[in-house]
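Undergrad: First the structure, which I've put down as structure tokens, then a few questions once you've had a look.
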Amino acid sequence: MALATESTVDPMVPVPTTIVDRWDETDDTFSLSLAPPPGYGFEPGQFNMLYAFGVGEVAISVSGDPASHGRLVHTVRGVGSVTKRLRDLVPGDVIGVRGPFGNAWPVTAAEGGDLVVVAGGIGLAPLRPAILHALAHRDRYDRVVLLYGTRTPRDLLYADLLSEWRGRFDMEVLVTVDNASQEWRGSVGVVTKLIGRAPFDPKAATVLVCGPEVMMRFCGRELRRRGVPTDRIWLSMERNMQCAIGVCGHCQFGPVFVCRDGPVFRYDDLEDLLEIREV
Amino acid sequence: MADRPRLAVLKFASCDGCQLSLLDCEDELLAVAGAVEIANFAEASREISPGPYDVVLVEGSITTDHDAERIRQARRDAGILVTIGACATAGGIQALRNFADVGDYLRTVYAHPEYISTLDRSTPVREHVTVDYELRGCPISKHQLLEVLNALVNGRRPVVPTYAVCVECKRSGIPCVMVSAGTPCLGPVTQAGCGALCPSYRRGCFGCFGPMESPNTASLSAEWRRLGVDDARLVDVYRSFNAFAEPFREAADVR
Amino acid sequence: MAYVTDRAGIDRLIGSLVARGFHVIGPTLDGDVVDLGPVGSTADLAVGTTSVPDAGRYRIAGRGDDALFGAVVGPSSVKRYLHPPVATLVEARRAGAGFTAAPGESATPTAFVGVRPCDVAAVGVQDRVFVDGPRRDAVYGPRRDASAIVAVNCTEPAATCFCASVGTGPRVGSGSDVALTEVVDGDEHWFLVEVGSPLGADLVDDIGAKEATDEQRATCDRLLDEAAGRMGRSLDVEAVPDALAGSLESPRWEEIAGRCLTCANCTLVCPTCFCASVDDHTSLTGEEAVRVRRWDSCFNEEFSYIHGGALRPSPAARYRQWLTHKLSTWVDQFGVLGCVGCGRCITWCPARIDITEEAAAFQREVAHA
Amino acid sequence: MSADRTIDVDYLARVEGEGSLKVAVRDGAVDVVEFGIFEPPRFFEAFLEGRPYSDAPDITARICGICPVAYQMSSCHAMERAFGTTVGEPIRSLRRLLYCGEWIESHVLHVFLLHAPDFLGYESAVHMAADHREAVERALRLKKIGNDVVNVLGGREIHPINVRVGGFYSLPPRDALRSLPLEEALDLARWMVDFTATLPMPDVEMDFDFVSLVHPDEYPFNEGRIVSTSGIDVGNDEWDRVFVEEHVARSNALHARTLEGGVYHVGPLARYAHNRARLSAGAREAAERMGLPAVVRNPFRSIVVRAVETLHAVEEAMRLVDGYDDAADPAVVIEPRAGTGAAATEAPRGLLWHRYSVGEDGRIAEATIVPPTAQNQLVMEADVRAVLERSLHLPDDELQWRLEQTIRNYDPCISCATHFLRLEVDRG
Ligand SMILES: Cc1cc2nc3c(=O)[nH]c(=O)nc-3n(C[C@H](O)[C@H](O)[C@H](O)COP(=O)(O)OP(=O)(O)OC[C@H]3O[C@@H](n4cnc5c(N)ncnc54)[C@H](O)[C@@H]3O)c2cc1C
Ligand code: SF4
Ligand code: SF4
Ligand code: SF4
């Protein structure tokens, strides 16, 4: 059930929703846990429009567990006016929510093969529900692999969860950073470098990718090189989004509206466009 | 911003019109004075309390060594520094001196030029210190001024578009003077903000809000020539209230 | 069934619309242009005025007759009313620890009189965007529901018109409640009236029009057939979408950018362009907040802004976005072309850029490649 | 209190522009009084040279954001005279109406926001509003109506865009003028006169040589001869036959004197002294009711005269709006030719004189602009000296305030004063 459409006929009016909890993930990234109205549900990959009263509205993916209905979690990087205002809010404060919008990661279609998740930076947030879903239904997948890259070790999201996942025998977690200090003992370099050595069967894998657009472009090329069929690679695109219902025009990417037709796309549908500048 | 932000309004070389815009907000003035602490606004109050200030509005261009030092001090005193008007954002009409010999100007205007201390150029504030927001216009739009103050008080991003005057012209349903009357208009290369004022009075825009984000002056000049405007006049047109703004400076170099 | 009426009948039609609670909008004289405005009777229309649009140029002239609908489309279209330039989407107000939020607009029943076939088609295109999508737009939807359209077929297309090649005119297709064909011939001045909806049938009842003769119908058919042959411009709707889709990296975009002013006029006069941005405003005290939607344009740099910068910083990319959207990707998105052949973008471009010429140039380029 | 005192007001507040005041008292006697203008020069006359005649109203408006209409009016009239053109109705009336708007706006601004706080002992109108909220609100309302008048005719209150040599770009529709809330302004202006009359008034009488326009039928805005108490009575083209300007070290503005070296006074007191009989009925009646003498010699009472002029401007505006018909051409056709034209009009703060020589090509060959504050500089110093002599008993801070108030009697516009001058090179 969707918030805005259910409570009012107007899909642009945000529904006031209370912040139940908030915590920092990194220096500039935090998570908000909201109390959704009864019956609210979402699929991994979908996003909400979060409204900070008087400041503005931004598209934010749901980053929580799709199986947990009592809490609606978002992980946000404070980069501009709205996200910084959201960062300053505390439990008890109220924000507006519209959603969920957009399509979902093909977690069901991926069943029976390897599930590979490639995330860059904040891109792990929209992928976390997919990973949680896969782990909750672990028997439906062969290998579950996470390749995760950030700028520095300080930017790694969900540190506790990462180490928990690392500790699992049924999941492969490879982490890399662009720049590291002395203490970092993990790998250094861009996340695309991990693709070549990650343990999965390219012929039987479904790959979900989210991160900065350049990173996704290079991942696409690298995955194709590794032999993953391009129709089994999925990307989540970011564009300026103001309505989320396909009427404001901002999120067009060639023939698609990212909000309406995405944000999750099959790589082969976008491959050519991604190579063209300023689409 | 914690409780009432402290506001300063500082003047450099200018006509006073932009800061007067604040006093021209008759309906909002007392509310603004309630929402911010007017800590330094010499045009309106004898009480001048020293910095630092949360927001400093700067009117006027830099035309003397003394003012060049004053603006550096203003930057040190300012949390957010907002330049207001064509003088502060582009050097103003007095930047026409930048295209001439100031010695000649001094002799033209003053019997004893040795009494006058002035730089040979009138420059925008941005050339001296970092500027956080710019409000264009000769004069600024008081709506935009209120918008910026309101946005800063409420911690949101001010809505100050950088697209062309044409956008406001069309939104308002004003008949295009260029197309429907053959009146040359600078709207397509000028930044919005005035509400397409001149076209609404059937006058072509003369660019008082300065260049828009991607001004194609070469193309517009070609259209003006088709409407019968000669090169000498084109130079006058670009060399007016925002003469020293880069795109207009280049556009005036027609030879 | 077709009927015939005269100017008095059109006055009765307007009267009937008013009596039914409609705010009536039609082509009126506004300084140097014929543009949409409020109409209380036929006297408010731009009677006896014609318009002469060309690339980057528009003039009005006297016709020497009393034609009520003697000018082709002006800068504004029905879009101005159904998808208004500025609309309040949300009105929010602080309440305790939280806030309340409510829609900001209500719809006034509006009837559009004298709508050209291209513009009727444009309403159909916008319907696909605003009401046929996954979620119905709360500004456009109710306004559209409360609207009525009295179309006027085109017997005198202009130099900038190309509806015939796009298939939207000169005879109105579906989408109007009543369709008129105005015939002025010497002393004769009459209107063929055709019904397009139950509301249209009621309106025609109200005005008491008589049945049209075969001869009158034949006259109109002839005039409209001739009009179809007199279009000033044309567009190859079969070939253009693919030609553009295949031209994304053509150097021609840079060449056009040399002329394009990125002033956005074309998109704002376009009756189908729907792009808009939402701005947040607050009361000074911060107690009240509104979210306001304003017409925006893919020609504006911040339109494509995401954190870190604009995605289409170059004017070439912005022009490409516009042209490919209108004439190519629109079909992918909505199943129709985003262009209805009204010619407005040609007329109101101060730089005289012509969508039909540019499209044809890409077509030639692809053909020769 | 010591017999030697100096007071330096480095930055005069509540005036338009950047000015300073320096006074020195030696052995109990006033020694130095210098009203300095350090506002940087902007060279308008120099860069007007070579520009098309049609640029003059827009460019000169930028000399002053407080009284741009005055600059537009003086420049338009001077240009039209250079070309031998005259404008008819409704342009002439609309120009008066535009000026009414500016007078209302500027006078109310000065009286309430800049000057009244001195009389009542407040640092600013915002401080004053704490105790006199209603008065300040009413004043703002009246000021807004003045601005509305400028807006509807000029497009915006500061640097209007609708004024051109020959008339306007477009005429406002009749309804737009009729819907101006002038009835409300009338009540407010009447109240304004009463309000100013209650202010505590320092007692000084000065022997002024008043200079203003005088028109046989009208309280002057745009037309009239230049007349002085001392007997000058010349046409607009003769200003520089009877007055001179000089450049002194302490100021970036030129000072004006009469040819004989006399100090003179322009502004509301001068206009009132010469034109009282031609005030609107209500304004005249209000002046009488307030007991204003035929000639007001106390510079502090200028605040009352400004209020009377505001009432006049409102009544005049009502008359002009009543008679307005919008069925006309917005401007007369201008055919530029070589020539020279001069015009003086009455800016809110006094006589503003422009003279232009235009070449065959319609471009400006020479421009001279004499703003009111440049003309008042010497009389301001004289007043400060007189007030100082009478007020030496006051402690420094009160004395300083009193002297500032004296300067503000003139509503000095320093932005105006700095940027002018004649094309005259002193080769010593
Ligand atoms: C589908 C989707 C899912 C997303 N999921 C997440 C997520 O899970 N976590 C996360 O952290 N982020 C996510 N993002 C990104 C997030 O939406 C942006 O970071 C956010 O919009 C930034 O908003 P801001 O106001 O804080 O930043 P800003 O950069 O200040 O503002 C961005 C918005 O404000 C406007 N804007 C701001 N400045 C300007 C300017 N100078 N000129 C013009 N316009 C300007 C633009 O309209 C833009 O939409 C997602 C984005 C999308 C599209
Ligand atoms: S009148 Fe000027 S600003 Fe308005 S649309 Fe035309 S060119 Fe643009
Ligand atoms: S239309 Fe142009 S010149 Fe006129 S006010 Fe606006 S920006 Fe200034
Ligand atoms: S095509 Fe023409 S109207 Fe459109 S943005 Fe370019 S110059 Fe402006």
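Chain identifiers are assigned as A, B, and so on, following the order in which chains appear in the structure tokens; residues are numbered from 1 within each chain, and ligands are numbered from 1 in order of appearance.
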Among the residues of stretch 104-147 of chain C, find those DSSP assigns to strand (DSSP E or B) from the backbone and print them as a ChimeraX atom specification.

TA: /C:110-115,147

Undergrad: Mind checking which residues fall within 8 Å of D:Asp361, counting only C-alpha atoms, ignoring those fewer than 5 positions away in the same chain, and posting them as a list in words?

TA: Pro336, Arg337 and Ala338 of chain D

Undergrad: Env of A:Ser181: 10 Å cut, atoms = only C-alpha atoms, seq-sep filter 4 positions within chain, self excluded. Answer as a list in words.

TA: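 Returned residues: Thr152, Pro153, Arg154, Val177 and Arg185 of chain A.
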
Undergrad: Residues within 8 Å of ligand 2 should be enumerated using only C-alpha atoms and all ligand atoms and returned as a ChimeraX atom specification.

TA: /B:164-170,174-179,184-188,196,198-200,202-205 /C:263,265,348,350

Undergrad: Specify as a VMD selection string all residues of chain B found within 8 Å of chain A, counting only C-alpha atoms.

TA: chain B and resid 154 to 157

Undergrad: Can you work out which residues are within 6 Å of ligand 1, considering only C-alpha atoms and all ligand atoms, and then hand them over as a PyMOL selection string?

TA: (chain A and resi 47+58-61+75-84+125-126+238-241+263) or (chain C and resi 302+305-307)
